Structure formats: C-alpha cells, structure tokens
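Following: one structure in structure tokens, then a few remarks.
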4 protein chains.
Amino acid sequence: MIYEFPQKILFKHCDPAGIVFYPRYFEMLNDCVEAFFADIGFAFEDIHKVGRVPTVQIDATFSTPSLHGDRMVINLQITRIGRSSIGLDFHAHCGGSTRFTATSTLVYISPDNSAQALPDDMRTALAPYLRRTT
Amino acid sequence: MIYEFPQKILFKHCDPAGIVFYPRYFEMLNDCVEAFFADIGFAFEDIHKVGRVPTVQIDATFSTPSLHGDRMVINLQITRIGRSSIGLDFHAHCGGSTRFTATSTLVYISPDNSAQALPDDMRTALAPYLRRTT
Amino acid sequence: MIYEFPQKILFKHCDPAGIVFYPRYFEMLNDCVEAFFADIGFAFEDIHKVGRVPTVQIDATFSTPSLHGDRMVINLQITRIGRSSIGLDFHAHCGGSTRFTATSTLVYISPDNSAQALPDDMRTALAPYLRRTT
Amino acid sequence: MIYEFPQKILFKHCDPAGIVFYPRYFEMLNDCVEAFFADIGFAFEDIHKVGRVPTVQIDATFSTPSLHGDRMVINLQITRIGRSSIGLDFHAHCGGSTRFTATSTLVYISPDNSAQALPDDMRTALAPYLRRTT
C-alpha cells in the first residue's frame with residue numbers, strides 16, 4: 001500500500017520567487033511521517049512516552065517548483081523494516097508532475113537514546129506499506 | 001539603556017510578495033529576547049534548568065514592509081518589572097523607517113508552571129534597560 | 001456564523017518545554033485566515049493576482065499551554081468590515097480550555113501597495129461571519 | 001579555504017526532546033549558504049535581480065543531537081564548480097562532536113528558470129573554497 005498525504009501549498013511555504021522554500025518541504029515530510037504513524041495507530045504523542053523515532057538520514061531531489069495553491073500529494077512507502085530502523089521513500093507530485101522525491105531513515109530509540117527493537121505491533125502496522133520489489 | 005538587536009532580512013523571512021511574512025517577525029522577537037537575556041547573564045539554556053520565561057501576551061503593529069537584504073535593528077526596552085512579570089517594548093527600524101512596533105509580557109515561572117518572583121540578580125540585570133518615563 | 005479551523009498540535013509546533021512555541025500560533029492563525037478566505041471563495045492564490053490582504057496589526061494573549069497531540073480548534077469571527085480593512089477575532093480552544101485569543105486587522109491593498117476598497121463580492125462573502133453585537 | 005558559519009542553537013530550533021528539530025537544520029544550511037554568498041560579494045538580494053540559485057538536491061546525515069545553547073559551527077566547502085551548478089559540502093560540529101554532515105547542489109538559473117552559465121566573477125569568488133582533493 002501507498003500512504004497518501006495531501007498538502008496544499010500555502011502562502012507560508014513560498015519564497016520571494018513565488019515557489020516553495022525547500023526547508024518547508026522537510027517540515028511537510030515530517031508532518032507526513034507524523035500523520036502516517038498516527039493513522040496506523042502509533043501517534044507520536046503516544047510513542048514519545050516510551051521512546052522516539054528521530055530521522056537519522058534524509059535526502060531529497062527537487063524536480064519541479066511548487067506554486068502557491070498547488071494541491072500536492074506526498075506518497076509514502078516503506079522500503080525497509082530493520083531491527084530498530086525504518087527506511088522510507090517519498091514521492092511528492094501534483095497533477096502528474098513530480099515535485100520532489102526523498103528517502104529517509106528513522107530509528108526507534110528509547111528515552112536514554114539507545115536504539116531499541118521495533119515493537120512487534122508497530123512492525124505489524126508498518127508491514128502493509130512495505131514496497132513490493134518483486 | 002536600549003538593547004539593540006541587528007537582524008538582516010534573509011531570504012527565508014520573505015513571502016511571495018518579496019516582503020517579510022509577519023509570523024517570522026515573531027521568531028525574530030523571540031530571538032531578540034533570547035539574545036537580550038543571554039547578554040545580561042541569564043541565557044535561556046541556563047534559566048530553563050530552574051524555570052521558564054514564557055510570553056503570555058504580545059501585540060504588534062506592522063508599519064512598513066521589510067525587504068530581503070534590509071539591515072533592520074530591533075530596539076528592546078523594558079517598560080515594567082513586576083513581581084514575576086516583565087513588560088517589554090520593541091521598535092524595529094531600518095534606515096529611519098519604522099518597520100514594526102510591539103509590546104509583550106513575559107512571566108517567570110517555576111518548572112511546575114506557577115508564577116514565581118523574579119530572582120534579585122535577574123532584577124538587577126534587567127534594571128538598566130527599564131525605560132525612563134521622566 | 002463562526003468559522004472553525006481544526007488544528008491538531010504537531011511535534012513541529014512544540015518547544016523543549018513540550019508546549020507550543022508561540023510564533024507557531026501565528027503561523028496557525030495565518031493558515032486559519034488563508035483557509036477561511038479559500039472557503040468563502042477568495043483563495044489567496046487568486047487574490048494575489050490582483051492584490052493582497054496583509055495583516056497590519058495583531059495581538060494575542062496565551063492563556064493555557066497546548067500540548068503535542070491536542071486537538072485544538074480556532075474559531076474565527078469578523079468584528080468589522082471597513083472600506084478597505086477587516087477586523088478579525090480568534091478564539092483557540094481545546095476540550096473546553098481556552099488556549100489563546102487574538103484579534104487582527106487585515107487591509108486589502110492593490111499591487112502598488114495602496115489600500116483599496118474591498119470588492120462587493122468579497123464583502124458579501126464576509127458578511128455572514130460578522131459578529132452580532134446586539 | 002573553509003567557510004565557517006557559527007550558529008548557536010536557540011530555543012526556537014529545539015523540539016520537545018530538547019534537541020534540534022531536523023528541518024531547522026535545513027534553514028540553518030540555507031542561512032549558511034546565503035551568508036557565504038554575501039561574504040564573497042554575491043548577496044542573494046542582489047543575485048535575485050538577475051537570477052536565482054535554488055538548491056536542487058540535498059542530503060544530510062544527523063550524527064549527534066544538538067542541544068539548546070550549543071555553539072555549533074557549520075563548515076562549508078565547495079566540491080565542484082560546473083558550468084551552471086555548484087556542489088557544496090557541509091560539516092556541522094560543536095566541541096569536537098560532529099552534529100551532521102550534508103551535501104547539496106545549487107544551480108544558477110535565469111529569471112525564466114533555465115540554467116545559465118555561472119558568471120566569471122562568481123566563479124572566481126567561489127574558487128578559493130573549492131576543496132583540494134590532492
């Protein structure tokens with residue numbers, strides 16, 4: 001399955017060139033990840049009572065500028081579920097045009113900042129979004 | 001005394017109209033207050049070990065738009081030092097033009113969120129910036 | 001009528017004290033105003049082709065801190081529709097607790113930055129949200 | 001030469017875990033790049049009259065969390081000066097600890113969004129920061 005996160009481009013996202021200022025895209029990615037975890041039953045506000053899921057690596061390629069008012073959608077897929085880490089893949093598009101692609105790695109850590117094994121119920125909830133690579 | 005906080009207008013502050021997006025001004029005000037407290041010997045990263053100084057009220061009037069590259073200066077003065085609260089006044093200007101004015105109220109609170117008396121040494125450090133009202 | 005803008009408190013809104021960092025509230029207010037105008041038929045991305053609606057004054061009082069995960073709602077009402085300006089009133093609440101109140105003034109300006117009369121159709125669209133003061 | 005950009009970690013950069021929220025690092029990188037160009041004589045507010053230098057690709061690896069009050073420094077070096085693109089390398093550190101590393105690619109484009117050759121004087125100004133690869 002692919003998780004879809006709609007994101008209209010708002011005034012606050014845009015720079016003097018009238019296009020999205022790229023650090024705002026990373027806020028959107030964070031919002032997308034937070035919404036995804038909430039929708040599969042692991043809201044960050046709950047996770048944070050027993051751990052955290054920081055992003056340890058991220059890269060992005062910006063293909064086509066996004067304009068104020070664009071109704072962009074971010075597609076999220078999981079590329080890897082490791083012992084304590086999760087690989088994510090993002091494809092942001094609008095009307096058939098790719099706006100950016102990104103990949104990131106999250107790590108599940110305990111309150112004392114050490115990596116810990118992903119709980120089994122989280123692993124089960126993540127599994128449907130794991131990309132088939134046939 | 002007046003505390004002066006220089007703030008060049010950067011690309012990230014500006015909106016599609018090419019002028020500062022007003023919520024960014026509030027980030028600048030927060031930076032100004034944080035720099036002021038650090039410069040008088042009460043860095044927020046230290047204060048936060050024993051309390052906090054949240055903003056409980058703020059208002060701002062935006063007079064003239066600021067453009068990318070403008071070398072704005074924010075003047076900070078104290079208007080009131082209460083038992084646990086501090087009144088602040090801000091005047092942001094560039095080349096003789098007022099960009100915005102603002103006032104705010106901070107409250108010194110303990111870790112359990114109750115207002116607490118400003119420590120005497122903080123009171124002493126704040127005093128020189130109290131506006132004379134003749 | 002009262003316009004209601006739901007805003008879940010996200011990780012990105014919160015500071016080291018675990019509560020909303022107040023400049024983020026101003027971004028939310030801007031999002032609320034942008035959504036309101038879009039919903040009454042005057043999307044900012046369209047307005048901006050013929051003018052702008054900058055905020056010229058705003059004030060806010062923060063009553064109770066908001067926590068990550070809170071499902072806050074911002075209520076927007078219009079307090080005044082002038083020749084070229086609009087007065088707004090905001091009440092942000094969650095579960096019966098007021099988080100903050102704010103008022104602001106917007107001005108409708110032409111591309112050359114001079115105040116211009118609100119178009120009649122915008123005036124008509126705004127009217128239902130004008131607060132009765134009986 | 002290595003360009004050094006000091007960046008104290010401020011309250012606004014930090015999340016409920018008390019560490020920098022990673023999208024803020026990308027704002028810092030943007031500030032670093034903007035300051036670098038200004039310091040070598042090509043302020044963005046001037047460049048933007050004849051073109052732009054958008055980031056088309058960026059990746060980052062976050063090694064060690066940064067805390068409020070940390071006096072971080074971002075080191076910038078140039079890895080490649082192409083016909084119209086510039087490769088950058090960043091190393092952010094504090095007290096001997098690497099906080100994050102990043103690389104990015106900028107492209108010099110004309111107002112009509114087509115890639116254009118880097119002007120000779122910009123090329124000359126960039127050259128001293130090109131990393132020697134022995």
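So you can find residues: chains in the structure tokens are A, B, ... in the order shown, residues in each start at 1, and ligands are numbered from 1 in order.
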- Message: If you run DSSP on the backbone here, which positions in segment 28-105 of chain C get alpha helix (DSSP H)? Please write them as a PyMOL selection string.
- Response: chain C and resi 28-39+44-47
May I have the selected residues written with C-alpha atoms, as a PDB file, in the first residue's frame?
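Saved file part.pdb follows:
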ATOM      1  CA  MET C  28      -1.620  28.728  12.556  1.00  0.00           C
ATOM      2  CA  LEU C  29      -3.573  31.997  12.578  1.00  0.00           C
ATOM      3  CA  ASN C  30      -2.263  32.744   9.111  1.00  0.00           C
ATOM      4  CA  ASP C  31      -3.282  29.245   7.965  1.00  0.00           C
ATOM      5  CA  CYS C  32      -6.716  29.790   9.510  1.00  0.00           C
ATOM      6  CA  VAL C  33      -7.195  33.094   7.676  1.00  0.00           C
ATOM      7  CA  GLU C  34      -5.962  31.585   4.400  1.00  0.00           C
ATOM      8  CA  ALA C  35      -8.351  28.604   4.783  1.00  0.00           C
ATOM      9  CA  PHE C  36     -11.230  30.933   5.680  1.00  0.00           C
ATOM     10  CA  PHE C  37     -10.754  33.066   2.583  1.00  0.00           C
ATOM     11  CA  ALA C  38     -10.436  29.949   0.407  1.00  0.00           C
ATOM     12  CA  ASP C  39     -13.631  28.517   1.882  1.00  0.00           C
ATOM     13  CA  PHE C  44      -5.167  33.808  -1.545  1.00  0.00           C
ATOM     14  CA  GLU C  45      -3.521  32.318  -4.639  1.00  0.00           C
ATOM     15  CA  ASP C  46      -6.278  34.023  -6.671  1.00  0.00           C
ATOM     16  CA  ILE C  47      -6.472  37.262  -4.661  1.00  0.00           C
TER      17      ILE C  47
END
- Restrict the distance test to only C-alpha atoms, flag each residue of chain A within 10 Å of chain D, and return the flagged residues as a PyMOL selection string. chain A and resi 16-17+21-30+48+51-52+54-65+100-105+111+113
- Task: Mind giving me the straight-line distance from atom CA of Leu10 of chain C to atom CA of Val73 of chain C in Å, one decimal?
- Result: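 Result for atom CA of Leu10 of chain C versus atom CA of Val73 of chain C: 13.3 Å, one decimal.
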- Residues of segment 47-91 of chain C in strand (DSSP E) according to DSSP, as a PyMOL selection string? chain C and resi 55-62+71-81+85-91
- Task: Grab the atom CA of Asp70 of chain C to atom CA of Ile19 of chain D distance for me, in Å with one decimal place.
- Result: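 Computing it gives 21.3 Å between the two atoms.
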- One decimal, Å: what's the distance from atom CA of Met122 of chain D over to atom CA of Ala43 of chain D, could you say? 11.0 Å
- Of the listed residues A:Tyr129, A:Phe90, A:Gly96, A:Val53, that which approaches Gln116 of chain A most closely, counting only C-alpha atoms: A:Val53
- Query: Counting only C-alpha atoms, what is within 9 Å of Ala127 of chain C, bar same-chain residues fewer than 4 positions away, as a PyMOL selection string?
  - Reply: chain C and resi 78+81+122-123+131
